[in-house]
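K.L.:
Contents of structure36.cif (mmCIF, C-alpha atoms and all ligand atoms):
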```cif
data_input
#
loop_
_atom_site.label_atom_id
_atom_site.label_comp_id
_atom_site.auth_asym_id
_atom_site.auth_seq_id
_atom_site.Cartn_x
_atom_site.Cartn_y
_atom_site.Cartn_z
CA MET A 1 -7.07 -21.80 -36.26
CA ASN A 2 -8.65 -23.44 -39.26
CA LYS A 3 -12.28 -24.51 -39.19
CA ARG A 4 -11.81 -27.67 -41.22
CA ARG A 5 -13.39 -30.70 -39.60
CA PRO A 6 -10.98 -33.59 -39.08
CA LEU A 7 -11.63 -36.72 -41.13
CA ILE A 8 -10.30 -40.17 -40.35
CA ALA A 9 -10.95 -42.50 -43.26
CA GLY A 10 -10.28 -46.23 -43.29
CA ASN A 11 -9.37 -47.80 -46.62
CA TRP A 12 -9.95 -51.52 -46.29
CA LYS A 13 -8.61 -52.21 -49.80
CA MET A 14 -9.35 -55.83 -50.88
CA ASN A 15 -10.09 -57.11 -47.38
CA LYS A 16 -13.10 -58.39 -45.39
CA THR A 17 -16.03 -60.59 -46.29
CA THR A 18 -19.54 -59.31 -45.61
CA ALA A 19 -19.62 -61.12 -42.25
CA GLU A 20 -16.29 -59.59 -41.23
CA ALA A 21 -17.41 -56.15 -42.36
CA ARG A 22 -20.65 -56.41 -40.40
CA ASP A 23 -18.84 -57.56 -37.26
CA PHE A 24 -16.36 -54.68 -37.55
CA ALA A 25 -19.16 -52.14 -38.08
CA ILE A 26 -21.09 -53.29 -35.03
CA ARG A 27 -18.07 -53.24 -32.72
CA PHE A 28 -16.60 -50.00 -34.10
CA GLN A 29 -19.88 -48.17 -33.81
CA GLU A 30 -20.27 -49.14 -30.16
CA GLN A 31 -16.85 -47.80 -29.27
CA VAL A 32 -16.94 -44.45 -31.08
CA ALA A 33 -20.55 -43.52 -30.38
CA ASP A 34 -19.55 -40.50 -28.28
CA ILE A 35 -17.09 -39.02 -30.80
CA THR A 36 -18.67 -36.00 -32.45
CA ASP A 37 -15.67 -33.82 -33.26
CA VAL A 38 -14.09 -36.07 -35.92
CA ASP A 39 -15.71 -37.32 -39.11
CA MET A 40 -15.25 -41.10 -39.40
CA LEU A 41 -15.43 -42.99 -42.66
CA ILE A 42 -14.97 -46.57 -43.79
CA CYS A 43 -14.17 -47.18 -47.46
CA ALA A 44 -15.03 -50.83 -48.02
CA PRO A 45 -14.93 -53.22 -50.97
CA PHE A 46 -18.10 -52.99 -53.10
CA THR A 47 -19.23 -56.40 -51.85
CA ALA A 48 -19.29 -55.24 -48.21
CA LEU A 49 -21.16 -51.97 -48.76
CA SER A 50 -24.60 -53.46 -48.40
CA ALA A 51 -23.75 -54.90 -44.96
CA LEU A 52 -22.28 -51.55 -43.91
CA LYS A 53 -25.40 -49.78 -45.11
CA GLU A 54 -27.51 -52.03 -42.87
CA GLU A 55 -25.30 -51.47 -39.85
CA LEU A 56 -24.20 -47.86 -40.25
CA GLU A 57 -26.73 -45.92 -42.30
CA GLU A 58 -28.35 -44.43 -39.19
CA SER A 59 -25.02 -43.88 -37.41
CA ILE A 60 -22.48 -41.04 -37.40
CA ILE A 61 -20.01 -43.20 -39.34
CA HIS A 62 -19.83 -42.46 -43.05
CA ILE A 63 -19.59 -45.13 -45.74
CA GLY A 64 -17.40 -44.89 -48.82
CA ALA A 65 -16.18 -46.86 -51.82
CA GLN A 66 -12.64 -47.23 -53.13
CA ASN A 67 -13.29 -46.57 -56.82
CA MET A 68 -16.09 -45.90 -59.31
CA HIS A 69 -16.72 -45.44 -63.02
CA TYR A 70 -17.44 -41.99 -64.42
CA GLU A 71 -20.48 -43.05 -66.47
CA THR A 72 -23.88 -43.45 -64.81
CA LYS A 73 -24.77 -46.75 -66.49
CA GLY A 74 -24.20 -48.81 -69.60
CA ALA A 75 -21.92 -51.35 -71.20
CA PHE A 76 -18.93 -51.22 -68.84
CA THR A 77 -18.48 -54.81 -67.70
CA GLY A 78 -17.24 -55.11 -64.14
CA GLU A 79 -17.68 -51.44 -63.28
CA ILE A 80 -19.73 -49.65 -60.60
CA SER A 81 -21.36 -46.22 -60.99
CA ALA A 82 -21.90 -43.33 -58.61
CA GLU A 83 -25.62 -44.02 -58.68
CA MET A 84 -25.02 -47.57 -57.44
CA LEU A 85 -22.83 -46.25 -54.62
CA LEU A 86 -25.48 -43.74 -53.57
CA ASP A 87 -27.94 -46.63 -53.46
CA LEU A 88 -25.65 -48.29 -50.90
CA ALA A 89 -25.58 -45.20 -48.68
CA CYS A 90 -22.09 -44.14 -49.74
CA THR A 91 -21.25 -40.48 -49.30
CA TYR A 92 -17.54 -40.67 -50.16
CA VAL A 93 -15.44 -42.39 -52.81
CA ILE A 94 -11.66 -42.74 -53.06
CA ILE A 95 -10.43 -41.73 -56.51
CA GLY A 96 -6.98 -42.24 -58.00
CA HIS A 97 -5.40 -44.29 -55.23
CA SER A 98 -1.80 -45.05 -56.17
CA GLU A 99 -2.66 -48.75 -56.38
CA ARG A 100 -5.25 -47.90 -59.06
CA ARG A 101 -2.81 -45.63 -60.84
CA ASP A 102 -0.04 -48.26 -60.78
CA TYR A 103 -1.74 -51.66 -61.10
CA PHE A 104 -4.75 -50.61 -63.15
CA LYS A 105 -3.06 -47.90 -65.21
CA GLU A 106 -5.47 -45.13 -64.30
CA ASP A 107 -4.13 -41.89 -65.75
CA ASP A 108 -4.71 -38.28 -64.78
CA GLU A 109 -7.32 -37.75 -67.47
CA LEU A 110 -9.42 -40.69 -66.27
CA ILE A 111 -9.03 -39.65 -62.66
CA ALA A 112 -10.15 -36.08 -63.44
CA LYS A 113 -13.30 -37.51 -65.07
CA LYS A 114 -14.03 -39.69 -62.05
CA VAL A 115 -13.61 -36.78 -59.63
CA LYS A 116 -16.04 -34.69 -61.69
CA ALA A 117 -18.56 -37.54 -61.95
CA ALA A 118 -18.43 -38.12 -58.18
CA LEU A 119 -19.17 -34.43 -57.53
CA ASP A 120 -21.92 -34.32 -60.18
CA ASN A 121 -23.63 -37.18 -58.34
CA GLY A 122 -23.27 -35.70 -54.88
CA LEU A 123 -20.46 -37.98 -53.65
CA THR A 124 -17.40 -36.51 -51.93
CA PRO A 125 -14.30 -37.63 -53.82
CA ILE A 126 -11.11 -38.31 -51.86
CA LEU A 127 -8.48 -37.66 -54.50
CA CYS A 128 -5.21 -39.45 -53.78
CA VAL A 129 -1.90 -37.99 -54.90
CA GLY A 130 1.67 -38.80 -53.99
CA GLU A 131 5.15 -39.41 -55.30
CA ASN A 132 7.21 -42.61 -55.53
CA LEU A 133 10.60 -43.10 -53.92
CA ALA A 134 12.61 -42.13 -57.01
CA LEU A 135 10.82 -38.79 -57.25
CA ARG A 136 11.29 -38.15 -53.54
CA GLU A 137 15.00 -38.95 -53.68
CA SER A 138 15.58 -36.78 -56.72
CA GLY A 139 13.94 -33.79 -55.04
CA ARG A 140 11.07 -33.61 -57.54
CA ALA A 141 8.29 -34.79 -55.22
CA LEU A 142 6.58 -31.45 -54.66
CA ALA A 143 6.59 -30.50 -58.35
CA PHE A 144 5.16 -33.92 -59.24
CA VAL A 145 2.37 -33.78 -56.65
CA ARG A 146 1.47 -30.20 -57.62
CA GLY A 147 1.20 -31.43 -61.21
CA GLN A 148 -1.14 -34.26 -60.18
CA VAL A 149 -3.38 -31.84 -58.26
CA GLU A 150 -3.56 -29.48 -61.21
CA LYS A 151 -4.24 -32.18 -63.81
CA ASN A 152 -6.86 -33.94 -61.68
CA LEU A 153 -8.77 -30.84 -60.51
CA MET A 154 -8.16 -28.09 -63.07
CA GLU A 155 -11.60 -28.30 -64.68
CA LEU A 156 -13.53 -27.84 -61.44
CA THR A 157 -15.21 -24.61 -60.34
CA PRO A 158 -14.17 -23.19 -56.95
CA ALA A 159 -17.55 -24.29 -55.54
CA GLU A 160 -16.90 -27.87 -56.73
CA LEU A 161 -13.34 -27.82 -55.49
CA ALA A 162 -14.50 -26.81 -52.01
CA LYS A 163 -16.19 -30.23 -51.71
CA VAL A 164 -13.15 -32.31 -52.64
CA VAL A 165 -10.94 -34.04 -50.06
CA ILE A 166 -7.29 -34.59 -51.00
CA ALA A 167 -5.19 -37.42 -49.58
CA TYR A 168 -1.45 -36.97 -49.82
CA GLU A 169 -0.01 -40.48 -49.82
CA PRO A 170 3.69 -40.90 -50.61
CA ILE A 171 3.83 -44.27 -52.38
CA TRP A 172 6.98 -45.31 -50.51
CA ALA A 173 5.08 -44.97 -47.22
CA ILE A 174 2.05 -47.08 -48.14
CA GLY A 175 1.96 -50.42 -46.38
CA THR A 176 5.69 -50.27 -45.73
CA GLY A 177 5.73 -49.14 -42.10
CA LYS A 178 7.76 -46.12 -43.24
CA THR A 179 5.80 -42.99 -42.41
CA ALA A 180 6.78 -39.61 -43.79
CA SER A 181 8.00 -37.37 -40.98
CA ALA A 182 5.29 -35.03 -39.76
CA GLU A 183 7.40 -32.12 -41.03
CA ASP A 184 7.77 -33.60 -44.54
CA ALA A 185 4.06 -34.43 -44.66
CA GLN A 186 3.21 -30.87 -43.57
CA GLU A 187 5.50 -29.39 -46.20
CA MET A 188 3.77 -31.35 -48.95
CA CYS A 189 0.26 -30.67 -47.66
CA SER A 190 1.06 -26.97 -47.45
CA GLY A 191 2.39 -27.15 -51.03
CA ILE A 192 -0.84 -28.84 -52.10
CA ARG A 193 -2.87 -26.12 -50.42
CA SER A 194 -0.96 -23.38 -52.20
CA THR A 195 -1.53 -25.22 -55.50
CA LEU A 196 -5.25 -25.30 -54.68
CA ALA A 197 -5.14 -21.59 -53.93
CA GLY A 198 -3.66 -21.07 -57.38
CA ILE A 199 -6.66 -22.86 -58.90
CA ALA A 200 -9.45 -21.59 -56.67
CA GLY A 201 -8.20 -18.77 -54.44
CA SER A 202 -9.40 -18.62 -50.84
CA VAL A 203 -11.50 -21.79 -51.25
CA ALA A 204 -8.23 -23.64 -50.64
CA ASP A 205 -8.55 -22.87 -46.94
CA GLU A 206 -11.77 -24.91 -46.76
CA ILE A 207 -10.40 -28.04 -48.46
CA ARG A 208 -9.50 -30.94 -46.22
CA ILE A 209 -6.12 -32.50 -46.87
CA LEU A 210 -5.38 -35.92 -45.35
CA TYR A 211 -2.07 -37.70 -44.94
CA GLY A 212 -1.86 -41.40 -45.76
CA GLY A 213 0.94 -43.96 -45.55
CA SER A 214 1.50 -46.25 -42.54
CA VAL A 215 -0.66 -44.13 -40.23
CA LYS A 216 -1.24 -45.86 -36.88
CA SER A 217 -2.64 -44.99 -33.45
CA GLY A 218 0.93 -44.21 -32.36
CA ASN A 219 1.76 -41.60 -35.02
CA ILE A 220 -1.58 -39.97 -35.83
CA ALA A 221 -1.29 -37.25 -33.16
CA SER A 222 1.93 -35.80 -34.61
CA MET A 223 0.29 -35.63 -38.05
CA MET A 224 -2.86 -33.97 -36.72
CA ALA A 225 -0.71 -31.35 -34.97
CA GLN A 226 0.38 -30.00 -38.38
CA PRO A 227 -1.51 -26.92 -39.60
CA ASP A 228 -2.26 -28.24 -43.10
CA ILE A 229 -3.09 -31.86 -42.20
CA ASP A 230 -6.79 -32.35 -41.51
CA GLY A 231 -6.95 -36.10 -41.05
CA ALA A 232 -5.71 -39.40 -42.40
CA LEU A 233 -6.43 -42.10 -44.95
CA VAL A 234 -5.61 -45.32 -43.15
CA GLY A 235 -5.03 -48.72 -44.75
CA GLY A 236 -3.62 -51.52 -42.60
CA ALA A 237 -4.48 -49.92 -39.25
CA SER A 238 -8.15 -49.60 -40.23
CA LEU A 239 -8.64 -53.37 -40.44
CA ASP A 240 -8.48 -53.99 -36.70
CA VAL A 241 -11.33 -52.53 -34.64
CA GLU A 242 -9.35 -51.85 -31.46
CA GLU A 243 -6.49 -50.20 -33.35
CA PHE A 244 -8.80 -48.07 -35.49
CA VAL A 245 -10.79 -46.92 -32.44
CA LYS A 246 -7.53 -45.94 -30.73
CA LEU A 247 -6.41 -44.14 -33.86
CA VAL A 248 -9.62 -42.09 -34.02
CA GLN A 249 -9.32 -41.25 -30.32
CA ASN A 250 -5.69 -40.15 -30.71
CA ALA A 251 -6.63 -37.96 -33.68
CA ARG A 252 -8.74 -35.66 -31.50
P1 LIG B 1 -1.39 -48.03 -45.21
O1 LIG B 1 -2.22 -47.65 -46.55
O2 LIG B 1 -2.01 -47.24 -44.10
O3 LIG B 1 -1.56 -49.49 -45.07
O4 LIG B 1 0.01 -47.60 -45.46
C1 LIG B 1 -2.69 -46.34 -46.77
C2 LIG B 1 -3.41 -46.27 -48.09
O5 LIG B 1 -2.97 -46.89 -49.07
O6 LIG B 1 -4.46 -45.59 -48.19
#
```
Can you turn what I pasted into structure tokens?

P.N.:
Amino acid sequence: MNKRRPLIAGNWKMNKTTAEARDFAIRFQEQVADITDVDMLICAPFTALSALKEELEESIIHIGAQNMHYETKGAFTGEISAEMLLDLACTYVIIGHSERRDYFKEDDELIAKKVKAALDNGLTPILCVGENLALRESGRALAFVRGQVEKNLMELTPAELAKVVIAYEPIWAIGTGKTASAEDAQEMCSGIRSTLAGIAGSVADEIRILYGGSVKSGNIASMMAQPDIDGALVGGASLDVEEFVKLVQNAR
């Protein structure tokens, strides 16, 4: 049995006003107050973080952002630093989501810098990796994902690496309703763990690996039953309080 603590992380993406975020936080908190065996996290838009801080700072629910800049401050118009996220009670930050890689052209070098900056500032980075459909169909998915893990984390010490969370998110499964089979997801997460072992030895056994891509209350249990899957990064299903509560409950 592994000793890794399960983590269920909601990724709201570009959704929810401050009022909607506050309402969600109040209702979610009430319904999961007795859950102590799963870490719960909401990664909200920057504009909703202040409301979440007010509602959740004293609660068991963690707050996270969906992106950050690697510099602490300065002339970077439109960007947000780790220091600013800490100020808003964030403890986690998603780095290198496929939507950032694709739409905003974030490359592996930039993502590696962001992961390092998050760790240097005491934030837990959730590094997203995952292949597109063409790579999956050509049988190159595992090699591609291993390459992403190596390029994004190679510079870290084993002690730093132990604090990272990885989210394996096949791009073809994100927001499409097509989930990877639990067996395929396990195979990739096990491949990621062996890549981590190549970088940092036995520390790999401590690193939490999440699955993401059309996770819902109805399919979370089969994912959690896999030995190398320690939780989920949840987009669409994290927007509705009742569904997200059910999902957390079914993850236990
Ligand atoms: P989805 O998104 O759950 O809506 O597929 C997951 C993600 O992009 O993190």

K.L.:
Taking all atoms listed in the file into account, name the residue in A:Leu127, A:Ala162, A:Leu56, A:Cys43 that is nearest to Val203 (chain A).

P.N.:
A:Ala162

K.L.:
Mind checking which residues fall within 8 Å of region 94-105 of chain A, counting all atoms listed in the file, ignoring those fewer than 3 positions away in the same chain, and posting them as JSON, numbers by chain?

P.N.:
{"A": [43, 64, 65, 66, 67, 68, 111, 114, 115, 125, 126, 127, 128, 129, 130, 171]}

K.L.:
With all atoms listed in the file as the atoms that count, which of A:Val93, A:Glu109, A:Ala197, A:Ala173 lies nearest to Glu155 (chain A)?

P.N.:
A:Glu109

K.L.:
Give the residues close to ligand LIG 1 (chain B), within 10 Å, counting all atoms listed in the file; write them as a short mmCIF file (atom, residue, chain, number, x, y, z; two decimals) with C-alpha atoms, keeping the file's coordinate frame.

P.N.:
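The result, written out as result-v1.cif:
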```
data_model
loop_
_atom_site.label_atom_id
_atom_site.label_comp_id
_atom_site.auth_asym_id
_atom_site.auth_seq_id
_atom_site.Cartn_x
_atom_site.Cartn_y
_atom_site.Cartn_z
CA ALA A 9 -10.95 -42.50 -43.26
CA GLY A 10 -10.28 -46.23 -43.29
CA ASN A 11 -9.37 -47.80 -46.62
CA TRP A 12 -9.95 -51.52 -46.29
CA LYS A 13 -8.61 -52.21 -49.80
CA CYS A 43 -14.17 -47.18 -47.46
CA GLN A 66 -12.64 -47.23 -53.13
CA ILE A 94 -11.66 -42.74 -53.06
CA HIS A 97 -5.40 -44.29 -55.23
CA SER A 98 -1.80 -45.05 -56.17
CA GLU A 99 -2.66 -48.75 -56.38
CA CYS A 128 -5.21 -39.45 -53.78
CA ALA A 167 -5.19 -37.42 -49.58
CA TYR A 168 -1.45 -36.97 -49.82
CA GLU A 169 -0.01 -40.48 -49.82
CA PRO A 170 3.69 -40.90 -50.61
CA ILE A 171 3.83 -44.27 -52.38
CA TRP A 172 6.98 -45.31 -50.51
CA ALA A 173 5.08 -44.97 -47.22
CA ILE A 174 2.05 -47.08 -48.14
CA GLY A 175 1.96 -50.42 -46.38
CA THR A 176 5.69 -50.27 -45.73
CA GLY A 177 5.73 -49.14 -42.10
CA LYS A 178 7.76 -46.12 -43.24
CA THR A 179 5.80 -42.99 -42.41
CA TYR A 211 -2.07 -37.70 -44.94
CA GLY A 212 -1.86 -41.40 -45.76
CA GLY A 213 0.94 -43.96 -45.55
CA SER A 214 1.50 -46.25 -42.54
CA VAL A 215 -0.66 -44.13 -40.23
CA LYS A 216 -1.24 -45.86 -36.88
CA ALA A 232 -5.71 -39.40 -42.40
CA LEU A 233 -6.43 -42.10 -44.95
CA VAL A 234 -5.61 -45.32 -43.15
CA GLY A 235 -5.03 -48.72 -44.75
CA GLY A 236 -3.62 -51.52 -42.60
CA ALA A 237 -4.48 -49.92 -39.25
CA SER A 238 -8.15 -49.60 -40.23
CA LEU A 239 -8.64 -53.37 -40.44
#
```

K.L.:
Kindly provide, as number ranges by chain, the polymer residues lying within 12 Å of (7.1, -35.8, -39.8), counting only C-alpha atoms and using the coordinates exactly as they appear in the file.

P.N.:
A: 173, 178-189, 211, 213, 215, 219-226, 229

K.L.:
So what do you get for CA of Arg208 (chain A) versus CA of Ile63 (chain A), distance-wise?

P.N.:
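That distance, rounded to one decimal, is 17.4 Å.
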
K.L.:
In Å, how far is it from CA of Leu153 (chain A) to CA of Asp107 (chain A)?

P.N.:
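Calculated distance between CA of Leu153 (chain A) and CA of Asp107 (chain A) is 13.1 Å.
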
K.L.:
Quick one: of A:Leu88, A:Ala118, A:Ala200, A:Val38, who's nearest to Arg4 (chain A), counting all atoms listed in the file?

P.N.:
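For Arg4 (chain A), the nearest of the candidates is A:Val38.
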
K.L.:
How far is it from CA of Gly122 (chain A) to CA of Glu150 (chain A), in Å with one decimal?

P.N.:
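A separation of 21.6 Å between them.
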
K.L.:
List the spatial neighbours of Asn15 (chain A) as a ChimeraX atom specification - criterion: any atom at most 9 Å away, all atoms listed in the file, same-chain residues fewer than 4 positions off excluded.

P.N.:
/A:21,44-45,239

K.L.:
With all atoms listed in the file as the atoms that count, which of A:Ile80, A:Ala75, A:Phe46, A:Ala89 lies nearest to Met14 (chain A)?

P.N.:
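Selected residue with least distance to Met14 (chain A): A:Phe46.
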
K.L.:
Rank nothing, just name the residue among A:Ala141, A:Leu135, A:Val245, A:Ala251 nearest to Phe24 (chain A), using only C-alpha atoms.

P.N.:
A:Val245

K.L.:
Could you list, as a list in words, every residue within 6 Å of Asp230 (chain A), counting all atoms listed in the file and ignoring same-chain residues fewer than 6 positions away?

P.N.:
Pro6, Arg208, Ile209 and Leu210 of chain A

K.L.:
Using only C-alpha atoms for the distances, tell me which of A:Ala25, A:Thr157, A:Phe144, A:Thr18 is nearest to Val241 (chain A).

P.N.:
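Of the candidates, the smallest distance to Val241 (chain A) is held by A:Ala25.
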
K.L.:
What lies within 12 Å of Ile26 (chain A) using all atoms listed in the file, ignoring chain neighbours under 5 positions off, as JSON, numbers by chain?

P.N.:
{"A": [19, 20, 21, 31, 32, 33, 51, 52, 53, 54, 55, 56, 57, 59, 61, 241]}

K.L.:
Around all listed atoms of region 243-248 of chain A, padded 8 Å per side, what centre and edge lengths does the axis-aligned box have in Å to one decimal, as AutoDock Vina command-line options?

P.N.:
```
--center_x -8.6 --center_y -46.1 --center_z -33.1 --size_x 20.4 --size_y 24.1 --size_z 20.8
```
